[in-house]
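File shown: target.cif. Contents: mmCIF, C-alpha atoms.
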data_model
#
loop_
_atom_site.label_atom_id
_atom_site.label_comp_id
_atom_site.auth_asym_id
_atom_site.auth_seq_id
_atom_site.Cartn_x
_atom_site.Cartn_y
_atom_site.Cartn_z
CA MET A 1052 -58.86 73.99 -7.73
CA LYS A 1053 -60.02 72.49 -10.93
CA THR A 1054 -60.19 68.72 -11.28
CA TRP A 1055 -57.85 68.54 -14.29
CA VAL A 1056 -55.23 70.39 -12.35
CA LYS A 1057 -55.48 67.96 -9.44
CA ILE A 1058 -55.02 65.02 -11.80
CA GLY A 1059 -52.53 66.53 -14.25
CA ILE A 1060 -49.83 67.64 -11.82
CA PRO A 1061 -49.26 64.20 -10.19
CA THR A 1062 -49.39 62.56 -13.59
CA ALA A 1063 -46.74 64.90 -14.96
CA ILE A 1064 -44.51 64.31 -11.97
CA LEU A 1065 -44.86 60.51 -12.39
CA LEU A 1066 -43.98 60.72 -16.09
CA ILE A 1067 -40.93 62.79 -15.29
CA ILE A 1068 -39.76 60.21 -12.73
CA ILE A 1069 -40.33 57.30 -15.13
CA GLY A 1070 -38.50 59.12 -17.85
CA PHE A 1071 -35.57 59.89 -15.57
CA ILE A 1072 -35.29 56.24 -14.48
CA GLY A 1073 -35.42 55.07 -18.06
CA TRP A 1074 -32.74 57.55 -19.05
CA ARG A 1075 -30.47 56.36 -16.22
CA ILE A 1076 -30.95 52.72 -17.18
CA GLN A 1077 -30.23 53.43 -20.81
CA ALA A 1078 -27.26 55.53 -19.92
CA GLY A 1079 -25.94 52.82 -17.62
CA VAL A 1080 -26.26 50.16 -20.31
CA GLY A 1081 -24.51 52.26 -22.81
CA ALA A 1082 -21.73 53.19 -20.42
CA LYS A 1083 -21.02 49.71 -19.08
CA PRO A 1084 -17.51 48.78 -20.29
CA VAL A 1085 -16.56 45.35 -21.69
CA LYS A 1086 -13.87 43.65 -19.56
CA THR A 1087 -11.01 42.32 -21.63
CA ILE A 1088 -7.53 40.91 -21.18
CA THR A 1089 -4.68 40.54 -23.61
CA ALA A 1090 -3.12 37.06 -23.93
CA SER A 1091 0.58 37.12 -23.18
CA TYR A 1092 3.48 34.88 -22.24
CA GLN A 1093 3.63 34.33 -18.48
CA THR A 1094 4.94 31.96 -15.82
CA VAL A 1095 2.40 29.53 -14.39
CA VAL A 1096 3.17 28.04 -10.98
CA LYS A 1097 1.22 25.32 -9.19
CA ASP A 1098 1.70 25.17 -5.42
CA ILE A 1099 0.16 22.90 -2.78
CA SER A 1100 -0.26 24.42 0.67
CA PHE A 1101 -0.79 22.60 3.96
CA THR A 1102 0.10 22.93 7.63
CA GLY A 1103 2.21 20.68 9.81
CA ASN A 1104 4.34 20.75 12.92
CA THR A 1105 8.05 20.87 13.54
CA GLU A 1106 9.65 17.79 15.06
CA SER A 1107 13.16 16.58 15.76
CA VAL A 1108 14.82 14.65 12.98
CA GLN A 1109 16.12 12.28 15.64
CA SER A 1110 14.11 11.62 18.80
CA ALA A 1111 13.95 8.68 21.19
CA ASN A 1112 11.53 7.68 23.93
CA MET A 1113 13.90 5.94 26.30
CA ALA A 1114 12.53 2.97 28.24
CA PHE A 1115 13.96 0.14 30.32
CA GLU A 1116 13.79 -3.34 28.79
CA VAL A 1117 13.07 -4.78 32.23
CA SER A 1118 10.61 -3.69 34.91
CA GLY A 1119 11.63 -2.29 38.26
CA SER A 1120 11.66 0.62 40.69
CA ILE A 1121 13.56 3.69 39.56
CA LYS A 1122 16.52 4.36 41.84
CA ASN A 1123 18.10 7.31 40.04
CA ILE A 1124 17.21 9.86 37.36
CA PHE A 1125 20.26 11.93 36.56
CA VAL A 1126 18.71 14.50 34.18
CA LYS A 1127 15.89 17.03 34.03
CA VAL A 1128 13.96 18.54 31.14
CA GLY A 1129 16.17 20.91 29.18
CA ASP A 1130 19.45 19.22 30.05
CA THR A 1131 21.89 18.54 27.24
CA VAL A 1132 23.19 14.97 27.21
CA GLN A 1133 25.97 13.22 25.34
CA LYS A 1134 25.78 9.86 23.60
CA GLY A 1135 26.33 7.05 26.13
CA GLN A 1136 25.63 9.23 29.17
CA ILE A 1137 23.71 7.48 31.96
CA ILE A 1138 20.18 8.88 32.14
CA ALA A 1139 18.50 6.71 34.79
CA SER A 1140 18.84 3.40 36.63
CA LEU A 1141 16.62 0.84 38.33
CA ASP A 1142 17.08 -0.60 41.81
CA PRO A 1143 19.85 -3.22 41.26
CA GLU A 1144 18.66 -5.57 44.02
CA SER A 1145 16.31 -7.50 41.76
CA ALA A 1146 18.99 -7.98 39.09
CA SER A 1147 21.52 -9.11 41.73
CA LEU A 1148 19.05 -11.64 43.06
CA GLN A 1149 18.47 -12.97 39.55
CA ILE A 1150 22.20 -13.46 39.04
CA ALA A 1151 22.54 -15.19 42.42
CA LYS A 1152 19.58 -17.42 41.66
CA ALA A 1153 21.00 -18.34 38.25
CA GLN A 1154 24.33 -19.26 39.83
CA ALA A 1155 22.60 -21.27 42.55
CA ASP A 1156 20.45 -23.02 39.94
CA LYS A 1157 23.60 -23.94 38.05
CA ALA A 1158 25.28 -25.40 41.14
CA SER A 1159 22.10 -27.24 42.14
CA ALA A 1160 21.52 -28.64 38.65
CA ALA A 1161 25.14 -29.76 38.40
CA SER A 1162 24.89 -31.52 41.77
CA VAL A 1163 21.63 -33.23 40.87
CA ALA A 1164 22.99 -34.31 37.49
CA TYR A 1165 26.18 -35.69 39.06
CA THR A 1166 24.19 -37.67 41.65
CA ALA A 1167 21.93 -39.06 38.92
CA TRP A 1168 24.98 -40.11 36.90
CA GLN A 1169 26.56 -41.86 39.90
CA ASN A 1170 23.27 -43.61 40.71
CA ALA A 1171 22.98 -44.77 37.10
CA LEU A 1172 26.56 -46.13 37.29
CA GLN A 1173 25.76 -48.03 40.47
CA THR A 1174 22.54 -49.38 38.96
CA GLN A 1175 24.49 -50.54 35.91
CA GLN A 1176 27.04 -52.32 38.08
CA ASP A 1177 24.29 -54.01 40.13
CA THR A 1178 22.40 -54.99 36.98
CA ASN A 1179 25.52 -56.43 35.35
CA ALA A 1180 26.33 -58.42 38.50
CA GLU A 1181 22.81 -59.84 38.82
CA ASN A 1182 22.69 -60.67 35.13
CA ALA A 1183 26.08 -62.37 35.28
CA LYS A 1184 24.93 -64.47 38.26
CA SER A 1185 21.74 -65.42 36.42
CA LEU A 1186 23.70 -66.44 33.31
CA ASP A 1187 26.11 -68.52 35.37
CA ALA A 1188 23.16 -70.43 36.84
CA LYS A 1189 21.69 -71.06 33.38
CA LYS A 1190 25.06 -72.19 32.05
CA GLN A 1191 25.49 -74.56 35.01
CA ALA A 1192 22.04 -76.02 34.35
CA VAL A 1193 23.09 -76.72 30.76
CA ARG A 1194 26.30 -78.40 31.96
CA ASP A 1195 24.38 -80.51 34.48
CA ALA A 1196 21.81 -81.53 31.90
CA ASN A 1197 24.56 -82.40 29.43
CA ALA A 1198 26.38 -84.51 32.04
CA ALA A 1199 23.17 -86.42 32.86
CA LEU A 1200 22.55 -86.99 29.15
CA GLN A 1201 26.08 -88.30 28.59
CA GLN A 1202 25.87 -90.61 31.59
CA SER A 1203 22.52 -92.09 30.55
CA SER A 1204 23.73 -92.47 26.96
CA ASN A 1205 26.80 -94.40 28.15
CA VAL A 1206 24.67 -96.73 30.30
CA TYR A 1207 22.33 -97.36 27.40
CA ALA A 1208 25.22 -98.17 25.07
CA GLN A 1209 26.68 -100.61 27.62
CA LYS A 1210 23.33 -102.36 28.12
CA GLN A 1211 22.96 -102.81 24.39
CA SER A 1212 26.42 -104.36 24.09
CA GLU A 1213 25.77 -106.74 26.97
CA THR A 1214 22.32 -108.06 26.06
CA GLN A 1215 22.29 -107.58 22.30
CA SER A 1216 18.53 -107.14 22.69
CA GLN A 1217 15.93 -104.61 23.79
CA ASP A 1218 14.95 -106.15 27.12
CA TYR A 1219 13.03 -104.33 29.79
CA ALA A 1220 16.14 -102.96 31.53
CA THR A 1221 17.58 -101.66 28.26
CA LEU A 1222 14.30 -99.97 27.36
CA ALA A 1223 14.17 -98.32 30.77
CA VAL A 1224 17.67 -96.91 30.28
CA GLN A 1225 16.69 -95.68 26.79
CA THR A 1226 13.71 -93.80 28.28
CA GLY A 1227 16.09 -92.10 30.68
CA VAL A 1228 18.30 -91.04 27.77
CA VAL A 1229 15.31 -89.46 26.00
CA ALA A 1230 14.28 -87.61 29.15
CA ASN A 1231 17.82 -86.32 29.71
CA GLN A 1232 17.99 -85.17 26.07
CA THR A 1233 14.76 -83.22 26.53
CA ALA A 1234 16.08 -81.66 29.74
CA TYR A 1235 19.31 -80.70 28.01
CA ASN A 1236 17.48 -79.08 25.12
CA ALA A 1237 15.28 -77.13 27.55
CA ALA A 1238 18.33 -75.94 29.48
CA GLN A 1239 19.94 -74.66 26.27
CA LYS A 1240 16.79 -72.75 25.31
CA ALA A 1241 16.59 -71.24 28.78
CA LEU A 1242 20.22 -70.15 28.51
CA ALA A 1243 19.65 -68.52 25.09
CA SER A 1244 16.57 -66.66 26.39
CA ALA A 1245 18.48 -65.51 29.45
CA GLN A 1246 21.36 -64.28 27.32
CA ALA A 1247 18.98 -62.17 25.20
CA SER A 1248 17.26 -60.79 28.29
CA VAL A 1249 20.58 -60.00 29.96
CA LYS A 1250 21.79 -58.17 26.85
CA THR A 1251 18.65 -56.00 26.82
CA SER A 1252 18.94 -55.32 30.52
CA ASN A 1253 22.64 -54.44 30.30
CA ASP A 1254 22.03 -52.17 27.25
CA THR A 1255 19.24 -50.35 29.12
CA ALA A 1256 21.48 -49.76 32.12
CA LYS A 1257 24.31 -48.63 29.84
CA HIS A 1258 21.99 -46.17 28.04
CA ALA A 1259 20.79 -44.79 31.38
CA VAL A 1260 24.40 -44.15 32.39
CA ALA A 1261 25.18 -42.45 29.08
CA SER A 1262 22.07 -40.23 29.34
CA ALA A 1263 22.82 -39.26 32.94
CA TYR A 1264 26.44 -38.53 32.03
CA ALA A 1265 25.38 -36.35 29.08
CA GLN A 1266 23.01 -34.44 31.35
CA TYR A 1267 25.81 -33.83 33.82
CA ILE A 1268 28.24 -32.80 31.08
CA SER A 1269 25.68 -30.28 29.74
CA THR A 1270 25.98 -28.39 33.03
CA GLN A 1271 29.75 -28.23 32.66
CA GLN A 1272 30.71 -28.01 29.00
CA ALA A 1273 29.99 -25.37 26.39
CA SER A 1274 26.54 -25.27 24.79
CA GLN A 1275 26.16 -25.59 21.03
CA ASP A 1276 24.97 -22.01 20.52
CA THR A 1277 27.35 -19.98 22.68
CA ALA A 1278 31.02 -20.92 22.63
CA GLY A 1279 32.52 -21.20 26.09
CA LEU A 1280 29.19 -21.18 27.95
CA SER A 1281 27.33 -24.12 29.42
CA SER A 1282 23.54 -24.05 29.29
CA LEU A 1283 23.42 -22.89 32.90
CA ASP A 1284 26.29 -20.45 32.38
CA ALA A 1285 24.12 -18.99 29.64
CA LEU A 1286 21.32 -18.43 32.16
CA THR A 1287 23.77 -16.60 34.40
CA LYS A 1288 24.91 -14.52 31.43
CA ILE A 1289 21.29 -13.66 30.60
CA SER A 1290 20.79 -12.46 34.17
CA GLN A 1291 23.90 -10.31 33.88
CA ILE A 1292 22.61 -8.84 30.60
CA ASN A 1293 19.29 -8.07 32.26
CA ALA A 1294 21.19 -6.35 35.05
CA ALA A 1295 22.88 -4.16 32.44
CA LYS A 1296 19.42 -3.35 31.02
CA SER A 1297 18.54 -1.68 34.33
CA ILE A 1298 20.65 1.32 33.24
CA LEU A 1299 19.47 3.81 30.61
CA ARG A 1300 22.09 5.52 28.44
CA ALA A 1301 21.54 8.29 25.90
CA PRO A 1302 21.48 6.76 22.38
CA PHE A 1303 22.77 10.00 20.85
CA SER A 1304 23.66 13.52 21.87
CA GLY A 1305 20.66 15.79 22.34
CA VAL A 1306 18.37 17.54 24.81
CA VAL A 1307 15.96 16.02 27.34
CA THR A 1308 12.53 17.18 26.18
CA GLN A 1309 10.29 15.11 28.47
CA LYS A 1310 10.49 13.24 31.81
CA ASN A 1311 7.62 10.90 32.76
CA PHE A 1312 8.78 9.24 36.00
CA ASP A 1313 10.26 10.23 39.35
CA ILE A 1314 12.65 8.39 41.64
CA GLY A 1315 10.92 5.57 43.53
CA GLU A 1316 8.18 5.00 40.96
CA PHE A 1317 7.74 1.60 39.33
CA ALA A 1318 8.55 1.61 35.62
CA ALA A 1319 7.17 -1.25 33.54
CA ALA A 1320 9.35 -2.56 30.73
CA GLY A 1321 8.82 -0.48 27.60
CA SER A 1322 7.37 2.57 29.39
CA ALA A 1323 9.05 5.81 28.24
CA VAL A 1324 11.00 7.29 31.15
CA VAL A 1325 12.53 10.28 29.34
CA THR A 1326 12.59 11.60 25.77
CA VAL A 1327 15.82 12.78 24.18
CA ALA A 1328 15.77 14.76 20.92
CA GLN A 1329 18.14 16.70 18.70
CA THR A 1330 16.47 20.11 18.92
CA ASN A 1331 18.94 21.84 16.60
CA ASP A 1332 17.89 19.70 13.64
CA LEU A 1333 14.16 19.95 12.88
CA GLN A 1334 11.84 18.76 10.13
CA ILE A 1335 8.16 19.22 9.30
CA SER A 1336 5.64 16.44 9.80
CA ALA A 1337 2.18 16.78 8.21
CA ASP A 1338 -0.88 14.75 7.25
CA VAL A 1339 -2.03 15.82 3.77
CA PRO A 1340 -5.42 14.90 2.19
CA GLU A 1341 -5.19 12.53 -0.75
CA THR A 1342 -6.36 15.12 -3.30
CA ASP A 1343 -3.22 17.16 -2.65
CA ALA A 1344 -0.84 14.39 -1.55
CA LEU A 1345 -1.17 12.45 -4.80
CA THR A 1346 0.19 15.44 -6.73
CA ILE A 1347 3.25 15.72 -4.49
CA SER A 1348 6.38 13.67 -5.13
CA GLN A 1349 9.61 13.19 -3.26
CA ASN A 1350 12.39 15.81 -3.64
CA LEU A 1351 10.04 18.60 -4.73
CA PRO A 1352 11.16 22.04 -3.47
CA ALA A 1353 9.11 23.81 -0.81
CA SER A 1354 9.11 26.86 1.42
CA VAL A 1355 8.09 26.95 5.07
CA SER A 1356 6.87 29.82 7.23
CA PHE A 1357 5.82 29.86 10.88
CA ASP A 1358 2.94 31.65 12.58
CA ALA A 1359 5.08 32.06 15.69
CA LEU A 1360 7.82 33.72 13.64
CA ALA A 1361 5.72 35.89 11.35
CA SER A 1362 8.49 38.44 10.93
CA GLN A 1363 10.98 35.85 9.71
CA GLU A 1364 11.50 34.99 6.06
CA ALA A 1365 10.29 31.62 4.81
CA LEU A 1366 12.85 28.83 5.02
CA GLY A 1367 13.82 26.62 2.10
CA ALA A 1368 12.78 22.97 2.28
CA ILE A 1369 12.37 19.79 0.29
CA VAL A 1370 9.87 16.91 0.41
CA SER A 1371 12.00 14.13 1.87
CA GLN A 1372 9.50 11.34 2.51
CA ILE A 1373 5.92 10.37 1.61
CA TYR A 1374 4.48 7.41 3.49
CA PRO A 1375 3.29 4.77 0.99
CA ALA A 1376 -0.10 4.01 2.57
CA ALA A 1377 -2.96 6.36 3.46
CA LYS A 1378 -4.56 6.54 6.89
CA GLN A 1379 -8.04 7.72 7.77
CA ILE A 1380 -8.36 11.01 9.66
CA GLN A 1381 -12.00 11.97 10.30
CA GLY A 1382 -13.00 9.80 7.37
CA VAL A 1383 -10.59 11.43 4.92
CA PRO A 1384 -7.68 9.38 3.47
CA THR A 1385 -4.47 11.25 4.22
CA PHE A 1386 -0.79 10.63 3.61
CA HIS A 1387 1.94 11.41 6.11
CA ILE A 1388 4.59 13.64 4.56
CA ILE A 1389 7.99 14.67 5.93
CA VAL A 1390 9.49 17.96 4.73
CA ALA A 1391 13.18 18.50 5.44
CA LEU A 1392 14.40 22.04 6.07
CA THR A 1393 17.37 23.02 3.93
CA SER A 1394 18.16 25.82 6.36
CA GLN A 1395 17.59 26.10 10.09
CA ASN A 1396 16.55 28.93 12.40
CA SER A 1397 17.79 28.99 15.99
CA ALA A 1398 14.45 30.44 17.11
CA LEU A 1399 12.55 27.32 16.04
CA ARG A 1400 11.23 24.88 18.60
CA SER A 1401 9.84 21.39 18.20
CA GLY A 1402 6.05 21.18 17.98
CA ILE A 1403 5.22 24.62 16.54
CA THR A 1404 2.91 25.14 13.56
CA ALA A 1405 4.51 25.29 10.13
CA ASN A 1406 2.92 26.55 6.91
CA VAL A 1407 4.27 24.57 3.98
CA ILE A 1408 4.07 25.47 0.29
CA VAL A 1409 5.25 22.73 -2.05
CA HIS A 1410 6.14 23.91 -5.53
CA VAL A 1411 4.56 21.10 -7.54
CA ASP A 1412 5.00 22.40 -11.09
CA LYS A 1413 6.11 25.45 -13.05
CA LYS A 1414 5.81 26.49 -16.69
CA ASP A 1415 7.88 29.45 -17.95
CA HIS A 1416 7.07 31.58 -21.03
CA VAL A 1417 3.71 30.05 -21.88
CA ILE A 1418 0.47 31.70 -23.04
CA ALA A 1419 -1.68 31.96 -19.92
CA VAL A 1420 -4.95 33.66 -19.03
CA PRO A 1421 -7.05 33.92 -15.87
CA ARG A 1422 -9.20 30.88 -15.29
CA ARG A 1423 -12.35 33.05 -15.35
CA ALA A 1424 -11.77 33.76 -19.05
CA ILE A 1425 -12.19 30.08 -19.94
CA ILE A 1426 -15.61 28.56 -20.54
CA THR A 1427 -16.40 24.83 -20.53
CA LYS A 1428 -19.40 23.60 -22.49
CA SER A 1429 -20.34 20.08 -23.52
CA GLY A 1430 -16.92 18.78 -22.54
CA LYS A 1431 -15.07 21.37 -24.64
CA THR A 1432 -13.16 24.47 -23.59
CA TYR A 1433 -13.64 27.91 -25.13
CA VAL A 1434 -12.59 31.53 -24.78
CA THR A 1435 -14.41 34.58 -26.09
CA LYS A 1436 -12.11 36.45 -28.47
CA GLN A 1437 -12.74 40.05 -29.50
CA THR A 1438 -12.65 40.13 -33.31
CA GLY A 1439 -13.64 43.76 -33.88
CA PRO A 1440 -15.39 46.76 -32.37
CA LYS A 1441 -18.28 45.31 -30.44
CA GLN A 1442 -17.69 41.95 -32.17
CA THR A 1443 -16.71 38.68 -30.43
CA SER A 1444 -16.58 34.98 -31.21
CA GLU A 1445 -16.05 31.84 -29.19
CA VAL A 1446 -12.84 29.96 -29.97
CA GLU A 1447 -12.12 26.42 -28.85
CA VAL A 1448 -8.84 26.10 -26.96
CA ALA A 1449 -6.68 23.45 -25.30
CA THR A 1450 -5.45 24.06 -21.77
CA GLY A 1451 -2.42 22.93 -19.78
CA LEU A 1452 -1.19 23.68 -16.27
CA LEU A 1453 -3.63 25.38 -13.86
CA GLY A 1454 -1.67 27.65 -11.54
CA SER A 1455 -2.33 28.26 -7.89
CA ASP A 1456 -2.96 31.97 -8.55
CA GLY A 1457 -5.75 31.28 -11.06
CA LEU A 1458 -3.70 31.49 -14.25
CA GLU A 1459 -4.19 28.63 -16.71
CA GLU A 1460 -1.90 27.68 -19.55
CA ILE A 1461 -3.37 27.79 -23.10
CA THR A 1462 -1.60 25.32 -25.35
CA SER A 1463 -3.56 26.03 -28.56
CA GLY A 1464 -6.27 28.35 -29.87
CA VAL A 1465 -4.91 31.63 -28.49
CA HIS A 1466 -1.85 33.64 -29.51
CA GLU A 1467 0.07 36.40 -27.86
CA GLY A 1468 -1.77 39.72 -28.21
CA ASP A 1469 -5.24 38.20 -28.66
CA VAL A 1470 -7.86 40.21 -26.76
CA LEU A 1471 -10.22 38.02 -24.73
CA VAL A 1472 -13.45 39.00 -23.06
CA THR A 1473 -13.80 38.09 -19.40
CA PRO A 1474 -16.84 38.07 -17.14
#
This structure in structure tokens:
Amino acid sequence: MKTWVKIGIPTAILLIIIGFIGWRIQAGVGAKPVKTITASYQTVVKDISFTGNTESVQSANMAFEVSGSIKNIFVKVGDTVQKGQIIASLDPESASLQIAKAQADKASAASVAYTAWQNALQTQQDTNAENAKSLDAKKQAVRDANAALQQSSNVYAQKQSETQSQDYATLAVQTGVVANQTAYNAAQKALASAQASVKTSNDTAKHAVASAYAQYISTQQASQDTAGLSSLDALTKISQINAAKSILRAPFSGVVTQKNFDIGEFAAAGSAVVTVAQTNDLQISADVPETDALTISQNLPASVSFDALASQEALGAIVSQIYPAAKQIQGVPTFHIIVALTSQNSALRSGITANVIVHVDKKDHVIAVPRRAIITKSGKTYVTKQTGPKQTSEVEVATGLLGSDGLEEITSGVHEGDVLVTP
């Protein structure tokens, strides 16, 4: 075979292949259609979706206010209870002992206070008697000193009238008068000091009697805070109240959903023994990230569906409560939100997963286009408008509500019927 034939045939084949590929590329470019949409009036809806769990609107973890051993539990999980029905009780022995002790303490305190009052009375009587005896002695000393002074003064006066001079005998009598005067003055001072001391002593004894009597009366008469009860009666009443706290009663009608103790076990005060809930009235509890929660407000409408009830229609609901402060869940600030069901379903149970859609905003009869048709450049927003066959231009627009389905409201720059190019 000739050399040119060997070279020419492969070359021709290669050229044919290259030409075919080029033709296909050119044909593809020419055939590729331009994607367009026509601006029109639509409804734009913004929804926020999140998951939560059903819970009873009213639920109570019932616990004793006092500690003790459980004597009776009258219900089991699933039982329906009525408001005020006895649920459980503690062993009453401890409460009975407390009441007996309080009563014994009252009797003992009253007896001790009475004895103290009587002792204070006796001490007062003894003190008054001793003080009276001491004063009598001081008063007698004053009288004796006064008598001696009067006698010596009379003798001195007589001596002066007899001798008409200050002889030795007269001077001696005068010295006696001075000494008796000094003794009389000292006796008066001693009496005054004794009287002051006796008054203090008597007042102290009197105060001790009054204090002891008041202490005794406090065990018998009504206290200031509780009419008709003495301070010790109040202790007895407290023990009786604590005895009443050893019985658990249903706070409302509902169903027992949990039981945590058995008969004979020790239940500390505040430990939940059983849980009672109203299972026919449920709500949705959810923790929603801040980015979504801050766009949700109270009383917004919502719809709720359930994975466990996939065949059931969504139930109507409303946002009933948004907790005011965020809490951290895995480092993300979240807000606790309660969604109230506006209709119930008898198949629902507490604790199942709920899918919530909150209808945050809605705009009817507004120009709206898919979000992909909008371009943002240098802080401005544009759309590409088709102005003629194979002719387009970028037009600046203003946008409004961004819907959950990707539609975005155009508030200016686009009119109904405008053809826009999309990617």
**Q.** Test item: the PyMOL selection byres ((chain A and resi 1108) around 9) resolved as a VMD selection string
**A.** chain A and resid 1106 to 1107 1109 to 1110 1328 to 1330 1332 to 1335 1391
Would you write out, as a PDB file with C-alpha atoms, in the frame of the given file, every residue that the PyMOL selection byres ((chain A and resi 1403) around 10) captures in this file?
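Result file follows (out.pdb):
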ATOM      1  CA  GLY A1103       2.210  20.680   9.810  1.00  0.00           C
ATOM      2  CA  ASN A1104       4.340  20.750  12.920  1.00  0.00           C
ATOM      3  CA  THR A1105       8.050  20.870  13.540  1.00  0.00           C
ATOM      4  CA  GLU A1106       9.650  17.790  15.060  1.00  0.00           C
ATOM      5  CA  ILE A1335       8.160  19.220   9.300  1.00  0.00           C
ATOM      6  CA  PHE A1357       5.820  29.860  10.880  1.00  0.00           C
ATOM      7  CA  ASP A1358       2.940  31.650  12.580  1.00  0.00           C
ATOM      8  CA  ALA A1359       5.080  32.060  15.690  1.00  0.00           C
ATOM      9  CA  LEU A1360       7.820  33.720  13.640  1.00  0.00           C
ATOM     10  CA  LEU A1399      12.550  27.320  16.040  1.00  0.00           C
ATOM     11  CA  ARG A1400      11.230  24.880  18.600  1.00  0.00           C
ATOM     12  CA  SER A1401       9.840  21.390  18.200  1.00  0.00           C
ATOM     13  CA  GLY A1402       6.050  21.180  17.980  1.00  0.00           C
ATOM     14  CA  THR A1404       2.910  25.140  13.560  1.00  0.00           C
ATOM     15  CA  ALA A1405       4.510  25.290  10.130  1.00  0.00           C
TER      16      ALA A1405
END
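Between Glu1341 in chain A and the candidates A:Ser1371, A:Thr1385, A:Gln1246, A:Thr1473, the tightest atom-to-atom separation, counting all atoms listed in the file, involves A:Thr1385.
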Q. Neighbours of Asn1253 in chain A within 10 Å (all atoms listed in the file; same-chain residues fewer than 3 positions away dropped), as a PyMOL selection string?
A. chain A and resi 1175-1180+1182-1183+1247-1250+1256-1259
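Across the model, the gap from CA of Lys1413 in chain A to CA of Leu1471 in chain A is 23.7 Å.
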Q) Excluding same-chain residues fewer than 4 positions from Phe1312 in chain A, what lies within 12 Å of it counting all atoms listed in the file, as a ChimeraX atom specification? A) /A:1113-1115,1120-1128,1139-1141,1316-1319,1322-1326
Export C-alpha atoms of the chosen residues as a PDB file, in the coordinates of the input?
ATOM      1  CA  MET A1113      13.900   5.940  26.300  1.00  0.00           C
ATOM      2  CA  ALA A1114      12.530   2.970  28.240  1.00  0.00           C
ATOM      3  CA  PHE A1115      13.960   0.140  30.320  1.00  0.00           C
ATOM      4  CA  SER A1120      11.660   0.620  40.690  1.00  0.00           C
ATOM      5  CA  ILE A1121      13.560   3.690  39.560  1.00  0.00           C
ATOM      6  CA  LYS A1122      16.520   4.360  41.840  1.00  0.00           C
ATOM      7  CA  ASN A1123      18.100   7.310  40.040  1.00  0.00           C
ATOM      8  CA  ILE A1124      17.210   9.860  37.360  1.00  0.00           C
ATOM      9  CA  PHE A1125      20.260  11.930  36.560  1.00  0.00           C
ATOM     10  CA  VAL A1126      18.710  14.500  34.180  1.00  0.00           C
ATOM     11  CA  LYS A1127      15.890  17.030  34.030  1.00  0.00           C
ATOM     12  CA  VAL A1128      13.960  18.540  31.140  1.00  0.00           C
ATOM     13  CA  ALA A1139      18.500   6.710  34.790  1.00  0.00           C
ATOM     14  CA  SER A1140      18.840   3.400  36.630  1.00  0.00           C
ATOM     15  CA  LEU A1141      16.620   0.840  38.330  1.00  0.00           C
ATOM     16  CA  GLU A1316       8.180   5.000  40.960  1.00  0.00           C
ATOM     17  CA  PHE A1317       7.740   1.600  39.330  1.00  0.00           C
ATOM     18  CA  ALA A1318       8.550   1.610  35.620  1.00  0.00           C
ATOM     19  CA  ALA A1319       7.170  -1.250  33.540  1.00  0.00           C
ATOM     20  CA  SER A1322       7.370   2.570  29.390  1.00  0.00           C
ATOM     21  CA  ALA A1323       9.050   5.810  28.240  1.00  0.00           C
ATOM     22  CA  VAL A1324      11.000   7.290  31.150  1.00  0.00           C
ATOM     23  CA  VAL A1325      12.530  10.280  29.340  1.00  0.00           C
ATOM     24  CA  THR A1326      12.590  11.600  25.770  1.00  0.00           C
TER      25      THR A1326
END
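Straight-line separation from CA of Ile1298 in chain A to CA of Gly1315 in chain A: 14.8 Å.
Distance annotation: of A:Thr1255, A:Thr1226, A:Ser1269, A:Thr1435, the residue with the minimal separation from Gly1464 in chain A is A:Thr1435; atom set is all atoms listed in the file.
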**Q.** Expansion of the PyMOL selection byres ((chain A and resi 1087) around 7) into residues, as a PyMOL selection string
**A.** chain A and resi 1085-1086+1088-1089+1470-1473
Write out as a tab-separated table (two decimals) with C-alpha atoms, in the frame of the given file the residues lying within 6 Å of Ala1196 in chain A, counting all atoms listed in the file and excluding same-chain residues fewer than 3 positions away.
chain	number	residue	atom	x	y	z
A	1193	VAL	CA	23.09	-76.72	30.76
A	1199	ALA	CA	23.17	-86.42	32.86
A	1235	TYR	CA	19.31	-80.70	28.01
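Between CA of Ala1111 in chain A and CA of Val1370 in chain A there is a distance of 22.7 Å.
For the residues A:Ala1365, A:Val1132, A:Ala1245, A:Val1260, ranking by smallest atom-to-atom distance to Trp1168 in chain A using all atoms listed in the file places A:Val1260 first.
Close to (13.1, -4.4, 32.7), meaning no more than 7 Å away when counting only C-alpha atoms, sit the residues Phe1115, Glu1116, Val1117, Ser1118, Gly1119, Lys1296, Ser1297, Ala1319 and Ala1320 of chain A.
With all atoms listed in the file as the atoms that count, the residue of A:Thr1094, A:Thr1450, A:Ile1369, A:Lys1190 with the shortest distance to Ala1243 in chain A is A:Lys1190.
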(Q) Let me make sure I understand: among A:Ile1380, A:Leu1453, A:Ile1461, A:Val1339, which one has the smallest atom-to-atom distance to Val1434 in chain A if we use only C-alpha atoms? (A) A:Ile1461
